[in-house]
Amino acid sequence: MIKKMSKWTMQVVALTTMGLLCLLAGCGSSSKYDEFFPTRIVSIGDFLSYQGTPVNAFNDKLTVNDMTVNNWVTQLATSYNIAFDPSSTAFATPKATVADLPKQLSGFVPKPGDMLVINAGMNDILNHTQAVLNKTETPDQAVSLLGALGTAYQLFARDQLKNFSHILILNAYDLKGSPFAQKNAARFAAAWPNYAGGLSQFIQDETRNFNNKIISNAGTYVSGQGVRLFDAEVLYLSADFQGYGITTAGLTLAACPVVMAGINCTAKSADPNYNTYLYADDINVTPVAQRLLGAYTYTFLRSAKGW
C-alpha cells in the first residue's frame, strides 16, 4: 500500500530538489566536478549527535523518541541514501566535550568513502555556564576559555584530515532562548548583576566566541576534499520555524517538561503537540528540529560550497 507523504517528507523533498536545481543552474561561486558521495558516515560528538543504545534499539536518543527519523545524522544519511549503522560508526556520547573527541575515534579504522561528521562545544558551553553560575569562574574567563576551545576544536578537525579526506563539522547552536536559560536567568542576575543582557546575552557571548574561532581555514581547502563547516547557530537563529510547524510559543518551551530527553521522552510522555516545539527538554531539540538540521547540512554539502 502506498502511503501519502507527510508534510515533513514533502518539505525535505522540496528542499532537496531546490538544492539540486541550484547545482544544475550553477549557483554558488564555482561548479563541482567529480562530486563526492559518501558510502559511510562516521559520527562523533555530544548529545546532539548521540544515537542512543543498542539495548533500547536506539530509541533512547536525546530528543522525543517517536520512532521517526529523529536525529540530524540519521537524516543526513537518509538524504544520501546511506544505510547508517549506529552500532558501528556512531561514537557520540551525551556528556562529551571538545577534549573527549580524540578518544571517540580511538581504534577506529576509516575506509575509503567515509565522511566524518563532528559536533562539539555544547557541553563546554554548559559546563562553563554552570561554573559562572557557581561563581567559580567569572563571565569574562568563561568567554575567553570558550574561544580557546573553539580553536582546539578546529585544530582537531584539521588533524583528522590524515585519516579522513571529507570532514563536516558543526558549530554550537545558541541556547540563549532555551528553557535552560530561562530557568537559570534569575540565578545569573543575582550572581552577576552588572552583566548587560543577563544570562541570555552571556550564553550568546560564549557561543559566539567559540564559533568565531572555528571559522579559521573555512572554505580554503582544495576543491573536492577537506573540512566543511556548517553553521548550526545561524540555522537555528534564523530558520523559518513556523514553516516547519514550530509555533512562537514552542520556541521557548520544552515538549517533555517533566522528564529529560531520552528513553522516557516519547510520543506518549511528551506534549501531544511536540512537533510544534523546538526543544524536547531544557537543551535538546525535537525531532522536527533535528530533521531540519540534517536536511540543511545535506543541501549545503550538495551545493557549490560542499564537495
# chains A, B, ... in the order shown; residues from 1 in each chain; ligands from 1
$ closest_atom_pairs --of "region 134-223 of chain A" --to "region 110-125 of chain A" --cutoff "10 Å" --atoms "only C-alpha atoms" --output "tab-separated table"
residue	atom	partner	partner_atom	distance
A:Ala142	CA	A:Ile125	CA	8.4
A:Val143	CA	A:Ile125	CA	8.9
A:Leu145	CA	A:Asp124	CA	9.3
A:Leu146	CA	A:Ile125	CA	7.0
A:Leu149	CA	A:Gly121	CA	7.7
A:Gly150	CA	A:Gly121	CA	7.5
A:Tyr153	CA	A:Ala120	CA	7.5
A:Ala157	CA	A:Ile118	CA	8.0
A:Gln160	CA	A:Leu116	CA	8.8
A:Leu161	CA	A:Leu116	CA	9.7
A:Asn163	CA	A:Pro110	CA	6.7
A:Phe164	CA	A:Leu116	CA	6.7
A:Ser165	CA	A:Met115	CA	7.6
A:His166	CA	A:Met115	CA	5.2
A:Ile167	CA	A:Leu116	CA	4.7
A:Leu168	CA	A:Val117	CA	4.7
A:Ile169	CA	A:Ile118	CA	4.7
A:Leu170	CA	A:Asn119	CA	4.9
A:Asn171	CA	A:Asn119	CA	6.6
A:Ala172	CA	A:Gly121	CA	5.8
A:Tyr173	CA	A:Met122	CA	7.5
A:Asp174	CA	A:Met122	CA	8.8
A:Leu175	CA	A:Met122	CA	9.0
A:Ile203	CA	A:Ile125	CA	7.6
A:Gln204	CA	A:Ile125	CA	9.8
A:Glu206	CA	A:Ile125	CA	6.7
A:Thr207	CA	A:Ile125	CA	6.9
A:Phe210	CA	A:Gly121	CA	7.6
A:Asn211	CA	A:Gly121	CA	8.8
$ residues_around --residues "Gln104 (chain A)" --least-positions-apart "3" --cutoff "7 Å" --atoms "only C-alpha atoms" --output "VMD selection string"
chain A and resid 44 91 100 to 101
$ write_last_selection --atoms "C-alpha atoms" --output "PDB file, in the first residue's frame"
ATOM      1  CA  ILE A  44      31.389  11.763  16.767  1.00  0.00           C
ATOM      2  CA  PHE A  91      30.521   7.303  18.701  1.00  0.00           C
ATOM      3  CA  ASP A 100      36.733  13.969  24.545  1.00  0.00           C
ATOM      4  CA  LEU A 101      36.660  13.867  20.739  1.00  0.00           C
TER       5      LEU A 101
END
$ closest_residue --among "A:Leu76, A:Leu62, A:Val98, A:Ala83" --to "Arg40 (chain A)" --atoms "only C-alpha atoms"
A:Ala83
$ closest_residue --among "A:Pro139, A:Pro257, A:Gly147, A:Gly224" --to "Phe180 (chain A)" --atoms "only C-alpha atoms"
A:Pro257
$ residues_around --residues "region 241-254 of chain A" --least-positions-apart "4" --cutoff "7 Å" --atoms "only C-alpha atoms" --output "PDB file with N, CA and C atoms, in the first residue's frame"
ATOM      1  N   GLY A 177      17.794  31.325  24.200  1.00  0.00           N
ATOM      2  CA  GLY A 177      16.353  31.342  24.396  1.00  0.00           C
ATOM      3  C   GLY A 177      15.786  30.046  24.923  1.00  0.00           C
ATOM      4  N   SER A 178      16.657  29.147  25.329  1.00  0.00           N
ATOM      5  CA  SER A 178      16.251  27.798  25.734  1.00  0.00           C
ATOM      6  C   SER A 178      15.574  27.791  27.099  1.00  0.00           C
ATOM      7  N   PRO A 179      14.837  26.720  27.415  1.00  0.00           N
ATOM      8  CA  PRO A 179      14.316  26.560  28.777  1.00  0.00           C
ATOM      9  C   PRO A 179      15.423  26.595  29.827  1.00  0.00           C
ATOM     10  N   ASN A 275       5.556  18.292  17.985  1.00  0.00           N
ATOM     11  CA  ASN A 275       6.127  18.717  16.709  1.00  0.00           C
ATOM     12  C   ASN A 275       6.022  20.225  16.491  1.00  0.00           C
ATOM     13  N   THR A 276       5.377  20.917  17.425  1.00  0.00           N
ATOM     14  CA  THR A 276       5.321  22.374  17.353  1.00  0.00           C
ATOM     15  C   THR A 276       6.363  23.018  18.265  1.00  0.00           C
ATOM     16  N   TYR A 277       7.239  22.203  18.866  1.00  0.00           N
ATOM     17  CA  TYR A 277       8.263  22.685  19.794  1.00  0.00           C
ATOM     18  C   TYR A 277       9.647  22.629  19.152  1.00  0.00           C
ATOM     19  N   LEU A 278      10.521  23.545  19.566  1.00  0.00           N
ATOM     20  CA  LEU A 278      11.927  23.487  19.184  1.00  0.00           C
ATOM     21  C   LEU A 278      12.706  22.593  20.148  1.00  0.00           C
ATOM     22  N   TYR A 279      12.380  22.685  21.445  1.00  0.00           N
ATOM     23  CA  TYR A 279      13.137  21.949  22.457  1.00  0.00           C
ATOM     24  C   TYR A 279      12.350  20.757  22.997  1.00  0.00           C
ATOM     25  N   ALA A 280      13.059  19.619  23.114  1.00  0.00           N
ATOM     26  CA  ALA A 280      12.471  18.441  23.747  1.00  0.00           C
ATOM     27  C   ALA A 280      12.526  18.567  25.266  1.00  0.00           C
ATOM     28  N   ASP A 281      13.639  19.127  25.760  1.00  0.00           N
ATOM     29  CA  ASP A 281      13.788  19.393  27.197  1.00  0.00           C
ATOM     30  C   ASP A 281      14.505  20.728  27.345  1.00  0.00           C
ATOM     31  N   ASP A 282      15.293  20.898  28.376  1.00  0.00           N
ATOM     32  CA  ASP A 282      15.934  22.200  28.608  1.00  0.00           C
ATOM     33  C   ASP A 282      16.939  22.578  27.527  1.00  0.00           C
TER      34      ASP A 282
END
$ closest_residue --among "A:Pro272, A:Gly294, A:Gly52, A:Gly45" --to "Pro102 (chain A)" --atoms "only C-alpha atoms"
A:Gly45
$ atom_distance --atom1 "CA of Leu301 (chain A)" --atom2 "CA of Ser238 (chain A)"
19.2 Å
$ residues_around --residues "region 190-192 of chain A" --least-positions-apart "4" --cutoff "12 Å" --atoms "only C-alpha atoms" --output "PyMOL selection string"
chain A and resi 130-140+184-186+196-199+202
$ residues_around --residues "Tyr80 (chain A)" --least-positions-apart "3" --cutoff "8 Å" --atoms "only C-alpha atoms" --output "VMD selection string"
chain A and resid 37 to 38 76 to 77 298
$ residues_around --residues "Thr89 (chain A)" --least-positions-apart "5" --cutoff "8 Å" --atoms "only C-alpha atoms" --output "compact mmCIF listing (two decimals) with C-alpha atoms, in the first residue's frame"
# COMPACT_ATOMS: atom_id res chain seq x y z
CA ILE A 41 29.00 8.28 7.70
CA VAL A 42 31.17 8.25 10.82
CA SER A 43 29.76 10.40 13.62
CA PHE A 84 23.57 4.34 8.67
$ select_by_dssp --residues "region 91-281 of chain A" --states "helix (DSSP H, G or I)" --output "number ranges by chain"
A: 98-104, 122-133, 139-162, 179-191, 198-214, 232-238, 241-244, 249-251, 274-276
$ select_by_dssp --residues "region 48-251 of chain A" --states "strand (DSSP E)" --output "mmCIF file with C-alpha atoms, in the first residue's frame"
data_model
loop_
_atom_site.group_PDB
_atom_site.id
_atom_site.type_symbol
_atom_site.label_atom_id
_atom_site.label_comp_id
_atom_site.auth_asym_id
_atom_site.auth_seq_id
_atom_site.Cartn_x
_atom_site.Cartn_y
_atom_site.Cartn_z
ATOM 1 C CA ASP A 114 33.913 7.614 4.724
ATOM 2 C CA MET A 115 32.649 11.055 5.695
ATOM 3 C CA LEU A 116 33.438 12.139 9.240
ATOM 4 C CA VAL A 117 30.792 14.367 10.847
ATOM 5 C CA ILE A 118 31.605 16.159 14.094
ATOM 6 C CA ASN A 119 29.683 18.322 16.503
ATOM 7 C CA HIS A 166 35.995 14.585 3.844
ATOM 8 C CA ILE A 167 35.034 16.104 7.200
ATOM 9 C CA LEU A 168 31.899 18.019 8.137
ATOM 10 C CA ILE A 169 31.924 19.987 11.386
ATOM 11 C CA LEU A 170 29.062 21.792 13.089
ATOM 12 C CA GLY A 226 38.905 18.955 3.268
ATOM 13 C CA VAL A 227 36.874 20.301 6.170
ATOM 14 C CA ARG A 228 33.490 21.906 5.648
ATOM 15 C CA LEU A 229 31.794 23.967 8.384
ATOM 16 C CA PHE A 230 28.003 24.083 8.640
#
$ atom_distance --atom1 "CA of Val285 (chain A)" --atom2 "CA of Thr63 (chain A)"
5.9 Å
$ atom_distance --atom1 "CA of Ala270 (chain A)" --atom2 "CA of Val64 (chain A)"
7.1 Å
$ closest_residue --among "A:Ala267, A:Ala99, A:Leu155, A:Leu292" --to "Leu235 (chain A)" --atoms "only C-alpha atoms"
A:Leu292
